[in-house]
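Asks: File name final_7.pdb; file contents PDB, C-alpha atoms; full text below.
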```pdb
ATOM      1  CA  MET A  21       0.000   0.000   0.000
ATOM      2  CA  LEU A  22       2.728   2.424   1.018
ATOM      3  CA  TYR A  23       4.631   1.484  -2.060
ATOM      4  CA  ASP A  24       1.624   2.538  -4.129
ATOM      5  CA  ILE A  25       1.203   5.905  -2.386
ATOM      6  CA  VAL A  26       4.829   7.048  -2.630
ATOM      7  CA  PRO A  27       4.985   7.005  -6.431
ATOM      8  CA  HIS A  28       1.626   8.788  -6.511
ATOM      9  CA  LEU A  29       2.893  11.540  -4.172
ATOM     10  CA  LEU A  30       6.035  11.924  -6.223
ATOM     11  CA  GLU A  31       3.955  12.209  -9.354
ATOM     12  CA  MET A  32       1.738  14.904  -7.768
ATOM     13  CA  LYS A  33       4.827  16.818  -6.680
ATOM     14  CA  ALA A  34       6.246  16.597 -10.181
ATOM     15  CA  ASP A  35       2.967  17.820 -11.657
ATOM     16  CA  LYS A  36       2.889  20.748  -9.234
ATOM     17  CA  LYS A  37       6.442  21.615 -10.126
ATOM     18  CA  MET A  38       5.607  21.391 -13.828
ATOM     19  CA  ARG A  39       2.635  23.744 -13.346
ATOM     20  CA  ARG A  40       4.954  26.266 -11.714
ATOM     21  CA  VAL A  41       7.350  25.924 -14.622
ATOM     22  CA  ARG A  42       4.503  26.410 -17.088
ATOM     23  CA  ASN A  43       3.208  29.469 -15.231
ATOM     24  CA  THR A  44       6.697  30.944 -15.122
ATOM     25  CA  ALA A  45       7.126  30.242 -18.810
ATOM     26  CA  ALA A  46       3.764  31.872 -19.574
ATOM     27  CA  PHE A  47       4.770  34.934 -17.628
ATOM     28  CA  MET A  48       8.082  35.150 -19.493
ATOM     29  CA  VAL A  49       6.313  34.761 -22.851
ATOM     30  CA  ALA A  50       3.935  37.588 -21.936
ATOM     31  CA  ILE A  51       6.823  39.860 -20.920
ATOM     32  CA  LEU A  52       8.770  39.080 -24.087
ATOM     33  CA  THR A  53       5.664  39.702 -26.195
ATOM     34  CA  ALA A  54       5.160  43.086 -24.527
ATOM     35  CA  LEU A  55       8.809  43.983 -25.137
ATOM     36  CA  VAL A  56       8.441  43.044 -28.808
ATOM     37  CA  PHE A  57       5.395  45.294 -29.177
ATOM     38  CA  LEU A  58       6.778  48.203 -27.111
ATOM     39  CA  PRO A  59       8.847  49.789 -29.929
ATOM     40  CA  THR A  60       5.794  49.591 -32.182
ATOM     41  CA  ILE A  61       3.686  51.339 -29.550
ATOM     42  CA  GLN A  62       6.312  54.030 -29.080
ATOM     43  CA  ALA A  63       6.655  54.566 -32.836
ATOM     44  CA  ALA A  64       2.885  54.752 -33.275
ATOM     45  CA  SER A  65       2.649  57.170 -30.383
ATOM     46  CA  ALA A  66       5.361  59.385 -31.848
ATOM     47  CA  GLN A  67       3.693  59.361 -35.270
ATOM     48  CA  ASP A  68       0.281  60.157 -33.834
ATOM     49  CA  GLY A  69       1.750  62.788 -31.525
ATOM     50  CA  SER A  70       3.431  64.432 -34.492
ATOM     51  CA  ALA A  71       0.237  64.312 -36.529
ATOM     52  CA  ASP A  72      -1.938  65.554 -33.683
ATOM     53  CA  ALA A  73       0.495  68.415 -33.004
ATOM     54  CA  GLN A  74      -0.126  69.813 -36.470
ATOM     55  CA  VAL A  75      -1.921  73.151 -36.651
ATOM     56  CA  THR A  76      -4.472  74.151 -39.262
ATOM     57  CA  THR A  77      -5.996  77.604 -39.414
ATOM     58  CA  MET A  78      -7.835  79.967 -41.718
ATOM     59  CA  TYR A  79      -5.127  82.606 -41.334
ATOM     60  CA  SER A  80      -2.423  83.170 -43.945
ATOM     61  CA  SER A  81       1.285  83.652 -43.308
ATOM     62  CA  SER A  82       1.404  87.287 -44.483
ATOM     63  CA  TYR A  83      -0.686  90.404 -44.911
ATOM     64  CA  PRO A  84      -1.880  91.356 -48.396
ATOM     65  CA  LEU A  85      -0.116  94.258 -50.078
ATOM     66  CA  ALA A  86      -1.577  97.601 -49.144
ATOM     67  CA  THR A  87      -4.407  98.758 -51.372
ATOM     68  CA  SER A  88      -4.818 102.513 -51.642
ATOM     69  CA  ASP A  89      -5.161 105.241 -54.231
ATOM     70  CA  SER A  90      -1.628 106.397 -53.565
ATOM     71  CA  SER A  91       0.824 105.876 -56.419
ATOM     72  CA  LEU A  92       3.566 105.135 -53.858
ATOM     73  CA  LYS A  93       2.898 102.439 -51.253
ATOM     74  CA  VAL A  94       4.913 101.096 -48.338
ATOM     75  CA  GLN A  95       4.297  98.621 -45.497
ATOM     76  CA  SER A  96       6.178  96.367 -43.106
ATOM     77  CA  GLN A  97       5.884  92.590 -43.334
ATOM     78  CA  TYR A  98       4.548  92.384 -39.770
ATOM     79  CA  HIS A  99       2.896  94.892 -37.452
ATOM     80  CA  ILE A 100       4.902  94.062 -34.341
ATOM     81  CA  TYR A 101       8.570  93.173 -33.817
ATOM     82  CA  LYS A 102      10.855  92.484 -30.897
ATOM     83  CA  PRO A 103      14.255  94.102 -30.284
ATOM     84  CA  GLY A 104      16.850  92.388 -32.479
ATOM     85  CA  ASP A 105      14.319  91.314 -35.141
ATOM     86  CA  ILE A 106      14.758  91.872 -38.878
ATOM     87  CA  VAL A 107      12.109  94.180 -40.327
ATOM     88  CA  ARG A 108      11.191  93.580 -43.957
ATOM     89  CA  ILE A 109       9.712  96.572 -45.771
ATOM     90  CA  ASP A 110       7.813  96.212 -49.057
ATOM     91  CA  GLY A 111       6.281  98.765 -51.380
ATOM     92  CA  SER A 112       5.285  99.603 -54.901
ATOM     93  CA  VAL A 113       5.342 102.534 -57.353
ATOM     94  CA  SER A 114       2.698 103.028 -60.021
ATOM     95  CA  GLN A 115       3.704 102.883 -63.671
ATOM     96  CA  GLU A 116       2.558 106.490 -64.217
ATOM     97  CA  THR A 117       4.802 107.730 -61.419
ATOM     98  CA  ARG A 118       7.781 105.752 -62.715
ATOM     99  CA  GLU A 119       7.307 107.122 -66.202
ATOM    100  CA  GLU A 120       6.972 110.737 -65.099
ATOM    101  CA  THR A 121       9.738 110.739 -62.507
ATOM    102  CA  GLY A 122      12.074 108.251 -64.153
ATOM    103  CA  ALA A 123      12.565 106.825 -60.656
ATOM    104  CA  ASP A 124      14.423 103.524 -60.382
ATOM    105  CA  SER A 125      14.987 103.720 -56.628
ATOM    106  CA  ILE A 126      13.197 104.767 -53.442
ATOM    107  CA  MET A 127      14.652 106.255 -50.283
ATOM    108  CA  VAL A 128      13.438 104.336 -47.223
ATOM    109  CA  LYS A 129      13.845 105.751 -43.722
ATOM    110  CA  VAL A 130      12.860 104.172 -40.399
ATOM    111  CA  THR A 131      12.609 106.331 -37.285
ATOM    112  CA  GLY A 132      12.288 105.002 -33.756
ATOM    113  CA  ALA A 133       9.901 105.654 -30.897
ATOM    114  CA  GLN A 134      11.907 108.747 -29.828
ATOM    115  CA  GLY A 135      12.306 110.082 -33.370
ATOM    116  CA  GLN A 136      15.842 108.707 -33.826
ATOM    117  CA  VAL A 137      16.844 107.452 -37.272
ATOM    118  CA  VAL A 138      17.152 103.663 -37.170
ATOM    119  CA  ALA A 139      17.827 103.175 -40.892
ATOM    120  CA  ASP A 140      18.115 105.287 -44.023
ATOM    121  CA  GLN A 141      18.703 103.350 -47.225
ATOM    122  CA  GLN A 142      18.016 103.229 -50.930
ATOM    123  CA  ALA A 143      15.795 100.501 -52.377
ATOM    124  CA  THR A 144      15.825  99.524 -56.052
ATOM    125  CA  VAL A 145      12.533  99.489 -57.975
ATOM    126  CA  ASP A 146      12.111  96.404 -60.204
ATOM    127  CA  SER A 147      10.386  96.185 -63.581
ATOM    128  CA  ASP A 148       7.017  95.538 -61.889
ATOM    129  CA  GLY A 149       7.338  98.682 -59.778
ATOM    130  CA  ARG A 150       8.042  96.819 -56.527
ATOM    131  CA  TYR A 151      10.789  97.532 -54.033
ATOM    132  CA  SER A 152      11.893  96.121 -50.675
ATOM    133  CA  ALA A 153      14.349  96.784 -47.868
ATOM    134  CA  THR A 154      15.410  95.060 -44.658
ATOM    135  CA  VAL A 155      16.273  96.769 -41.388
ATOM    136  CA  ALA A 156      17.896  95.077 -38.394
ATOM    137  CA  LEU A 157      16.517  96.419 -35.129
ATOM    138  CA  PRO A 158      19.095  96.918 -32.365
ATOM    139  CA  GLY A 159      19.022  94.397 -29.545
ATOM    140  CA  ASP A 160      18.206  97.258 -27.185
ATOM    141  CA  ALA A 161      15.610  98.885 -29.449
ATOM    142  CA  GLU A 162      13.149 101.014 -27.499
ATOM    143  CA  GLN A 163       9.558  99.889 -27.290
ATOM    144  CA  GLY A 164       6.882 101.921 -29.030
ATOM    145  CA  GLN A 165       5.746 102.982 -32.479
ATOM    146  CA  TYR A 166       8.264 103.125 -35.329
ATOM    147  CA  ASP A 167       7.603 105.051 -38.536
ATOM    148  CA  ILE A 168       8.551 104.031 -42.083
ATOM    149  CA  GLY A 169       8.907 106.763 -44.675
ATOM    150  CA  SER A 170       9.441 106.131 -48.394
ATOM    151  CA  LYS A 171      10.231 108.931 -50.787
ATOM    152  CA  ILE A 172      10.917 109.447 -54.474
ATOM    153  CA  GLU A 173      13.614 112.064 -54.841
ATOM    154  CA  VAL A 174      13.411 114.225 -57.959
ATOM    155  CA  SER A 175      15.194 117.361 -59.010
ATOM    156  CA  ALA A 176      13.461 120.734 -58.961
ATOM    157  CA  SER A 177      13.401 120.804 -62.763
ATOM    158  CA  VAL A 178      11.575 117.462 -62.933
ATOM    159  CA  LEU A 179       9.237 118.361 -60.081
ATOM    160  CA  GLY A 180       7.785 121.238 -62.110
ATOM    161  CA  LEU A 181       6.876 118.887 -64.952
ATOM    162  CA  LEU A 182       4.977 116.356 -62.896
ATOM    163  CA  SER A 183       1.199 116.020 -62.947
ATOM    164  CA  ALA A 184      -0.622 117.144 -59.810
ATOM    165  CA  ASP A 185      -1.497 113.568 -58.774
ATOM    166  CA  VAL A 186       2.069 112.309 -59.090
ATOM    167  CA  ALA A 187       3.585 115.371 -57.422
ATOM    168  CA  ALA A 188       1.221 114.925 -54.462
ATOM    169  CA  ASN A 189       2.272 111.302 -53.931
ATOM    170  CA  LEU A 190       6.061 111.325 -53.884
ATOM    171  CA  GLU A 191       6.069 110.226 -50.252
ATOM    172  CA  SER A 192       4.333 107.485 -48.290
ATOM    173  CA  SER A 193       4.408 106.219 -44.718
ATOM    174  CA  ALA A 194       3.527 103.259 -42.499
ATOM    175  CA  GLN A 195       4.036 102.205 -38.879
ATOM    176  CA  PHE A 196       4.953  99.154 -36.850
ATOM    177  CA  MET A 197       5.323  98.470 -33.149
ATOM    178  CA  VAL A 198       8.307  97.217 -31.164
ATOM    179  CA  ALA A 199       7.680  95.384 -27.890
ATOM    180  CA  THR A 200       9.545  92.901 -25.735
ATOM    181  CA  SER A 201       8.057  89.434 -25.359
ATOM    182  CA  GLY A 202       6.727  88.315 -22.008
ATOM    183  CA  SER A 203       6.689  84.650 -20.976
ATOM    184  CA  PHE A 204       3.546  83.611 -19.122
ATOM    185  CA  GLU A 205       3.410  80.284 -17.312
ATOM    186  CA  VAL A 206       0.205  78.263 -17.401
ATOM    187  CA  GLU A 207      -0.391  74.905 -15.735
ATOM    188  CA  SER A 208      -2.584  71.953 -16.658
ATOM    189  CA  LYS A 209      -4.748  70.152 -14.124
ATOM    190  CA  GLU A 210      -2.149  67.381 -14.099
ATOM    191  CA  GLY A 211       0.512  69.868 -13.003
ATOM    192  CA  GLU A 212       2.329  70.133 -16.346
ATOM    193  CA  GLN A 213       3.654  73.651 -16.957
ATOM    194  CA  PHE A 214       3.822  75.502 -20.275
ATOM    195  CA  GLN A 215       5.223  78.871 -21.356
ATOM    196  CA  VAL A 216       3.031  81.121 -23.521
ATOM    197  CA  GLY A 217       4.924  83.993 -25.163
ATOM    198  CA  ILE A 218       3.098  87.295 -25.716
ATOM    199  CA  ALA A 219       4.565  90.529 -27.112
ATOM    200  CA  SER A 220       2.146  93.449 -27.361
ATOM    201  CA  ASN A 221       1.733  97.198 -27.173
ATOM    202  CA  SER A 222      -1.222  96.470 -24.862
ATOM    203  CA  ASP A 223      -1.147  95.668 -21.168
ATOM    204  CA  VAL A 224      -1.492  91.865 -20.923
ATOM    205  CA  SER A 225      -3.003  90.071 -17.917
ATOM    206  CA  ASP A 226      -4.897  86.973 -16.758
ATOM    207  CA  VAL A 227      -3.206  84.415 -19.018
ATOM    208  CA  GLU A 228      -4.958  81.088 -18.383
ATOM    209  CA  LEU A 229      -5.309  77.588 -19.837
ATOM    210  CA  ASP A 230      -8.829  76.127 -19.962
ATOM    211  CA  GLN A 231      -8.446  72.425 -20.752
ATOM    212  CA  GLU A 232     -12.176  71.690 -20.957
ATOM    213  CA  ALA A 233     -12.704  74.496 -23.495
ATOM    214  CA  LYS A 234      -9.400  73.666 -25.233
ATOM    215  CA  MET A 235      -8.142  77.227 -25.242
ATOM    216  CA  VAL A 236      -5.662  79.650 -23.717
ATOM    217  CA  SER A 237      -7.030  83.108 -22.928
ATOM    218  CA  PHE A 238      -5.782  86.501 -21.725
ATOM    219  CA  MET A 239      -6.834  90.125 -21.389
ATOM    220  CA  VAL A 240      -5.427  93.071 -23.362
ATOM    221  CA  GLU A 241      -5.981  96.717 -22.506
ATOM    222  CA  GLY A 242      -4.845 100.047 -23.919
ATOM    223  CA  GLU A 243      -5.828 103.660 -24.465
ATOM    224  CA  ASP A 244      -9.243 104.051 -26.083
ATOM    225  CA  GLY A 245      -9.151 104.750 -29.801
ATOM    226  CA  THR A 246      -5.621 103.440 -30.389
ATOM    227  CA  SER A 247      -4.618 100.340 -32.324
ATOM    228  CA  GLY A 248      -3.501  97.203 -30.530
ATOM    229  CA  VAL A 249      -1.343  94.379 -31.843
ATOM    230  CA  ALA A 250      -0.047  91.228 -30.184
ATOM    231  CA  GLU A 251       2.251  88.349 -31.056
ATOM    232  CA  ILE A 252       1.224  85.076 -29.369
ATOM    233  CA  THR A 253       3.414  81.957 -29.246
ATOM    234  CA  VAL A 254       1.577  78.777 -28.213
ATOM    235  CA  PRO A 255       3.403  75.476 -27.491
ATOM    236  CA  LYS A 256       1.907  72.627 -29.526
ATOM    237  CA  ALA A 257       2.409  70.212 -26.629
ATOM    238  CA  MET A 258      -0.264  72.274 -24.879
ATOM    239  CA  LEU A 259      -2.677  73.212 -27.687
ATOM    240  CA  SER A 260      -2.892  72.267 -31.363
ATOM    241  CA  GLY A 261      -5.258  71.047 -34.093
ATOM    242  CA  LYS A 262      -7.632  73.420 -35.849
ATOM    243  CA  MET A 263      -6.955  76.781 -34.212
ATOM    244  CA  VAL A 264      -9.070  79.932 -34.193
ATOM    245  CA  ILE A 265      -8.455  83.254 -32.429
ATOM    246  CA  MET A 266     -11.362  85.079 -30.869
ATOM    247  CA  ILE A 267     -11.765  88.616 -29.540
ATOM    248  CA  ASP A 268     -14.584  89.003 -27.033
ATOM    249  CA  GLY A 269     -16.141  85.784 -28.317
ATOM    250  CA  GLN A 270     -15.965  86.709 -32.020
ATOM    251  CA  ALA A 271     -13.594  84.907 -34.401
ATOM    252  CA  LEU A 272     -10.989  87.196 -35.955
ATOM    253  CA  GLU A 273     -11.243  87.635 -39.711
ATOM    254  CA  PRO A 274      -8.251  86.454 -41.807
ATOM    255  CA  GLY A 275      -7.193  90.065 -42.448
ATOM    256  CA  ASP A 276      -6.871  90.728 -38.711
ATOM    257  CA  ALA A 277      -4.541  87.824 -37.916
ATOM    258  CA  ILE A 278      -1.671  85.938 -39.534
ATOM    259  CA  VAL A 279       0.530  82.955 -38.712
ATOM    260  CA  LYS A 280       4.054  84.340 -38.248
ATOM    261  CA  SER A 281       5.698  80.947 -37.722
ATOM    262  CA  ASN A 282       4.688  77.307 -37.418
ATOM    263  CA  THR A 283       7.422  74.984 -36.132
ATOM    264  CA  SER A 284       7.371  71.469 -34.705
ATOM    265  CA  ALA A 285       7.401  72.942 -31.182
ATOM    266  CA  ASP A 286       5.015  75.899 -31.350
ATOM    267  CA  VAL A 287       2.905  78.217 -33.478
ATOM    268  CA  THR A 288       3.045  82.032 -33.429
ATOM    269  CA  PHE A 289       0.141  84.283 -34.369
ATOM    270  CA  GLU A 290      -0.035  88.050 -34.850
ATOM    271  CA  ILE A 291      -3.404  89.684 -34.157
ATOM    272  CA  ASN A 292      -4.750  93.208 -34.608
ATOM    273  CA  TYR A 293      -7.547  94.985 -32.741
ATOM    274  CA  HIS A 294      -8.674  98.370 -31.427
ATOM    275  CA  HIS A 295      -8.285  99.343 -27.782
ATOM    276  CA  SER A 296      -9.682  99.583 -25.041
ATOM    277  CA  GLN A 297     -10.104  96.264 -23.168
ATOM    278  CA  HIS A 298     -10.663  92.862 -24.763
ATOM    279  CA  LYS A 299     -10.527  89.169 -23.953
ATOM    280  CA  VAL A 300      -8.452  87.107 -26.397
ATOM    281  CA  ASP A 301      -9.062  83.353 -26.756
ATOM    282  CA  VAL A 302      -6.780  81.071 -28.767
ATOM    283  CA  THR A 303      -8.770  77.884 -29.319
ATOM    284  CA  GLY A 304      -7.734  74.473 -30.647
ATOM    285  CA  THR A 305      -9.147  70.985 -31.097
ATOM    286  CA  ARG A 306      -6.455  69.121 -29.158
ATOM    287  CA  VAL A 307      -5.254  69.969 -25.662
ATOM    288  CA  VAL A 308      -2.880  68.370 -23.161
ATOM    289  CA  PRO A 309      -2.979  65.561 -21.966
ATOM    290  CA  GLU A 310      -4.925  63.681 -24.672
ATOM    291  CA  PHE A 311      -3.424  60.353 -25.811
ATOM    292  CA  PRO A 312      -3.083  59.158 -29.423
ATOM    293  CA  VAL A 313      -5.695  56.559 -30.394
ATOM    294  CA  SER A 314      -3.121  54.154 -31.838
ATOM    295  CA  THR A 315      -1.242  54.115 -28.520
ATOM    296  CA  LEU A 316      -4.386  53.036 -26.702
ATOM    297  CA  VAL A 317      -5.146  50.388 -29.336
ATOM    298  CA  MET A 318      -1.650  48.930 -29.204
ATOM    299  CA  ALA A 319      -1.621  48.993 -25.414
ATOM    300  CA  ALA A 320      -4.923  47.105 -25.400
ATOM    301  CA  ALA A 321      -3.488  44.587 -27.859
ATOM    302  CA  VAL A 322      -0.481  43.912 -25.651
ATOM    303  CA  ALA A 323      -2.735  43.580 -22.604
ATOM    304  CA  SER A 324      -4.839  41.044 -24.519
ATOM    305  CA  VAL A 325      -1.761  39.004 -25.429
ATOM    306  CA  VAL A 326      -0.625  38.981 -21.793
ATOM    307  CA  GLY A 327      -4.089  37.938 -20.645
ATOM    308  CA  LEU A 328      -4.367  35.130 -23.188
ATOM    309  CA  ALA A 329      -0.915  33.836 -22.312
ATOM    310  CA  ALA A 330      -1.744  33.783 -18.619
ATOM    311  CA  ALA A 331      -5.069  32.010 -19.254
ATOM    312  CA  ALA A 332      -3.346  29.400 -21.394
ATOM    313  CA  ALA A 333      -0.794  28.818 -18.648
ATOM    314  CA  ARG A 334      -3.489  28.267 -16.064
ATOM    315  CA  LYS A 335      -5.121  25.656 -18.238
ATOM    316  CA  GLY A 336      -1.819  24.039 -19.064
ATOM    317  CA  ARG A 337      -2.293  24.561 -22.787
ATOM    318  CA  LEU A 338       0.869  26.382 -23.839
ATOM    319  CA  GLY A 339       1.461  23.714 -26.438
ATOM    320  CA  GLY A 340       4.838  23.917 -28.071
ATOM    321  CA  LEU A 341       5.853  27.036 -26.110
ATOM    322  CA  VAL A 342       6.451  24.992 -22.912
ATOM    323  CA  PRO A 343       8.227  21.623 -22.895
TER     324      PRO A 343
END
```
Could you write out this structure as structure tokens?

Replies:
Amino acid sequence: MLYDIVPHLLEMKADKKMRRVRNTAAFMVAILTALVFLPTIQAASAQDGSADAQVTTMYSSSYPLATSDSSLKVQSQYHIYKPGDIVRIDGSVSQETREETGADSIMVKVTGAQGQVVADQQATVDSDGRYSATVALPGDAEQGQYDIGSKIEVSASVLGLLSADVAANLESSAQFMVATSGSFEVESKEGEQFQVGIASNSDVSDVELDQEAKMVSFMVEGEDGTSGVAEITVPKAMLSGKMVIMIDGQALEPGDAIVKSNTSADVTFEINYHHSQHKVDVTGTRVVPEFPVSTLVMAAAVASVVGLAAAAARKGRLGGLVP
């Protein structure tokens, strides 16, 4: 009798040991499977993150050329710059003015906020009547309004031969603002911090991130009746997708806003408005901390593989995976 029981006990012990081996093997298979899929998950996440961080908007990357009755036009590429920026100046001369004056160049002068001359240069007029110039602002440029003056210089003898319309439009002017950029820290509900850059000739306050509404908002204020302009840099890790800018709840028209830059890290808008006080909302369709769909799908797939492997181990049906 005893001789019959001993082999049976040894067999039970061996079976128990084999089950432990099988369970261990199942666990190892699940871990290895997860490790095999992990690079795929990471790659999918990176691809989706890159795609989701893209920004689409109805705003163009530049302002249209000035339209006026003047035969001599001038404007800056942007309406606000920071100290150290390069200012591009563009303009045009009508064919009638070119023919009467014989002008093939324009004198362009930029004066600073205190009336100091920042640049004074000659710009060549091309065959289409267009001209351009670039001015490097000093790193310590004063904040405020800068004036651009363009002028066709003619001799006194030529001046007397010009038609009244041409003679009255030998000069033109435009303005732009210079302001330093402020960095405003906003924080998500999860505690992640982001820096929103805003340069403006307005007083800026109350910069906030609203994750539920998928927008960052702030207040601007200035002297009644004056023009306001702001440059807003938004990190894409915080807000991206289809983006619209609103002033006091109304979407800005394309002519009142442009996209100054759009990099992999952030997007910068320039907006225009009239003072006094306004609320500005920059809205998007994706906000931190949303996760890419493919990441969730792949994570679920790996979890399913782990679960199936564990179930198979419990039932002792690992087949060829376990000896």

Asks: Could you tell me which of A:Val137, A:Ala250, A:Met239, A:His99 comes closest to Lys299 of chain A if we count all atoms listed in the file?

Replies: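 So, comparing all the options, the nearest one is A:Met239.
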
Asks: Measuring between all atoms listed in the file, which one of A:Ala73, A:Ala156, A:Val287, A:Val302 shows the shortest distance to Val264 of chain A?

Replies: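 Answer, going by the shortest atom-to-atom distance: A:Val302.
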
Asks: Which one of A:Asp110, A:Glu290, A:Asp301, A:Glu232 sits closest to Tyr151 of chain A if you count all atoms listed in the file?

Replies: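 The answer is A:Asp110, which sits nearest to Tyr151 of chain A.
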
Asks: So, counting all atoms listed in the file, which residue among A:Ser125, A:Thr253, A:Asn221, A:Ser203 is closest to Thr283 of chain A?

Replies: A:Thr253

Asks: Counting all atoms listed in the file, figure out which residue out of A:Leu157, A:Ile252, A:Ile172, A:Ala139 gets nearest to Leu190 of chain A.

Replies: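 So, comparing all the options, the nearest one is A:Ile172.
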
Asks: Counting all atoms listed in the file, figure out which residue out of A:Tyr79, A:Phe196, A:Phe214, A:Tyr166 gets nearest to Ile100 of chain A.

Replies: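 Looking only at the distances to Ile100 of chain A, the closest residue turns out to be A:Phe196.
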
Asks: Contacts of Ile168 of chain A at 10 Å or less, counting only C-alpha atoms, minus same-chain residues fewer than 3 places along, as number ranges by chain?

Replies: A: 94-96, 109, 128-132, 138-140, 192-196

Asks: Can those selected residues be exported to a file as a short mmCIF file (atom, residue, chain, number, x, y, z; two decimals), in the coordinates of the input so that it contains C-alpha atoms?

Replies:
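Contents of result-v1.cif, as written:
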```
data_model
loop_
_atom_site.label_atom_id
_atom_site.label_comp_id
_atom_site.auth_asym_id
_atom_site.auth_seq_id
_atom_site.Cartn_x
_atom_site.Cartn_y
_atom_site.Cartn_z
CA VAL A 94 4.91 101.10 -48.34
CA GLN A 95 4.30 98.62 -45.50
CA SER A 96 6.18 96.37 -43.11
CA ILE A 109 9.71 96.57 -45.77
CA VAL A 128 13.44 104.34 -47.22
CA LYS A 129 13.84 105.75 -43.72
CA VAL A 130 12.86 104.17 -40.40
CA THR A 131 12.61 106.33 -37.28
CA GLY A 132 12.29 105.00 -33.76
CA VAL A 138 17.15 103.66 -37.17
CA ALA A 139 17.83 103.18 -40.89
CA ASP A 140 18.11 105.29 -44.02
CA SER A 192 4.33 107.48 -48.29
CA SER A 193 4.41 106.22 -44.72
CA ALA A 194 3.53 103.26 -42.50
CA GLN A 195 4.04 102.20 -38.88
CA PHE A 196 4.95 99.15 -36.85
#
```

Asks: Could you name the residues that touch Ala187 of chain A at 10 Å or less, counting all atoms listed in the file, but leaving out those on the same chain fewer than 2 positions away, as a PyMOL selection string?

Replies: chain A and resi 91+117+120-121+172+174+178-185+189-191

Asks: Go ahead and write the selection's residues with C-alpha atoms as a JSON list (two decimals), in the frame of the given file.

Replies:
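Below is the file out.json, written as the result:
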```
[["chain", "number", "residue", "atom", "x", "y", "z"],
["A", 91, "SER", "CA", 0.82, 105.88, -56.42],
["A", 117, "THR", "CA", 4.80, 107.73, -61.42],
["A", 120, "GLU", "CA", 6.97, 110.74, -65.10],
["A", 121, "THR", "CA", 9.74, 110.74, -62.51],
["A", 172, "ILE", "CA", 10.92, 109.45, -54.47],
["A", 174, "VAL", "CA", 13.41, 114.22, -57.96],
["A", 178, "VAL", "CA", 11.58, 117.46, -62.93],
["A", 179, "LEU", "CA", 9.24, 118.36, -60.08],
["A", 180, "GLY", "CA", 7.78, 121.24, -62.11],
["A", 181, "LEU", "CA", 6.88, 118.89, -64.95],
["A", 182, "LEU", "CA", 4.98, 116.36, -62.90],
["A", 183, "SER", "CA", 1.20, 116.02, -62.95],
["A", 184, "ALA", "CA", -0.62, 117.14, -59.81],
["A", 185, "ASP", "CA", -1.50, 113.57, -58.77],
["A", 189, "ASN", "CA", 2.27, 111.30, -53.93],
["A", 190, "LEU", "CA", 6.06, 111.32, -53.88],
["A", 191, "GLU", "CA", 6.07, 110.23, -50.25]]
```
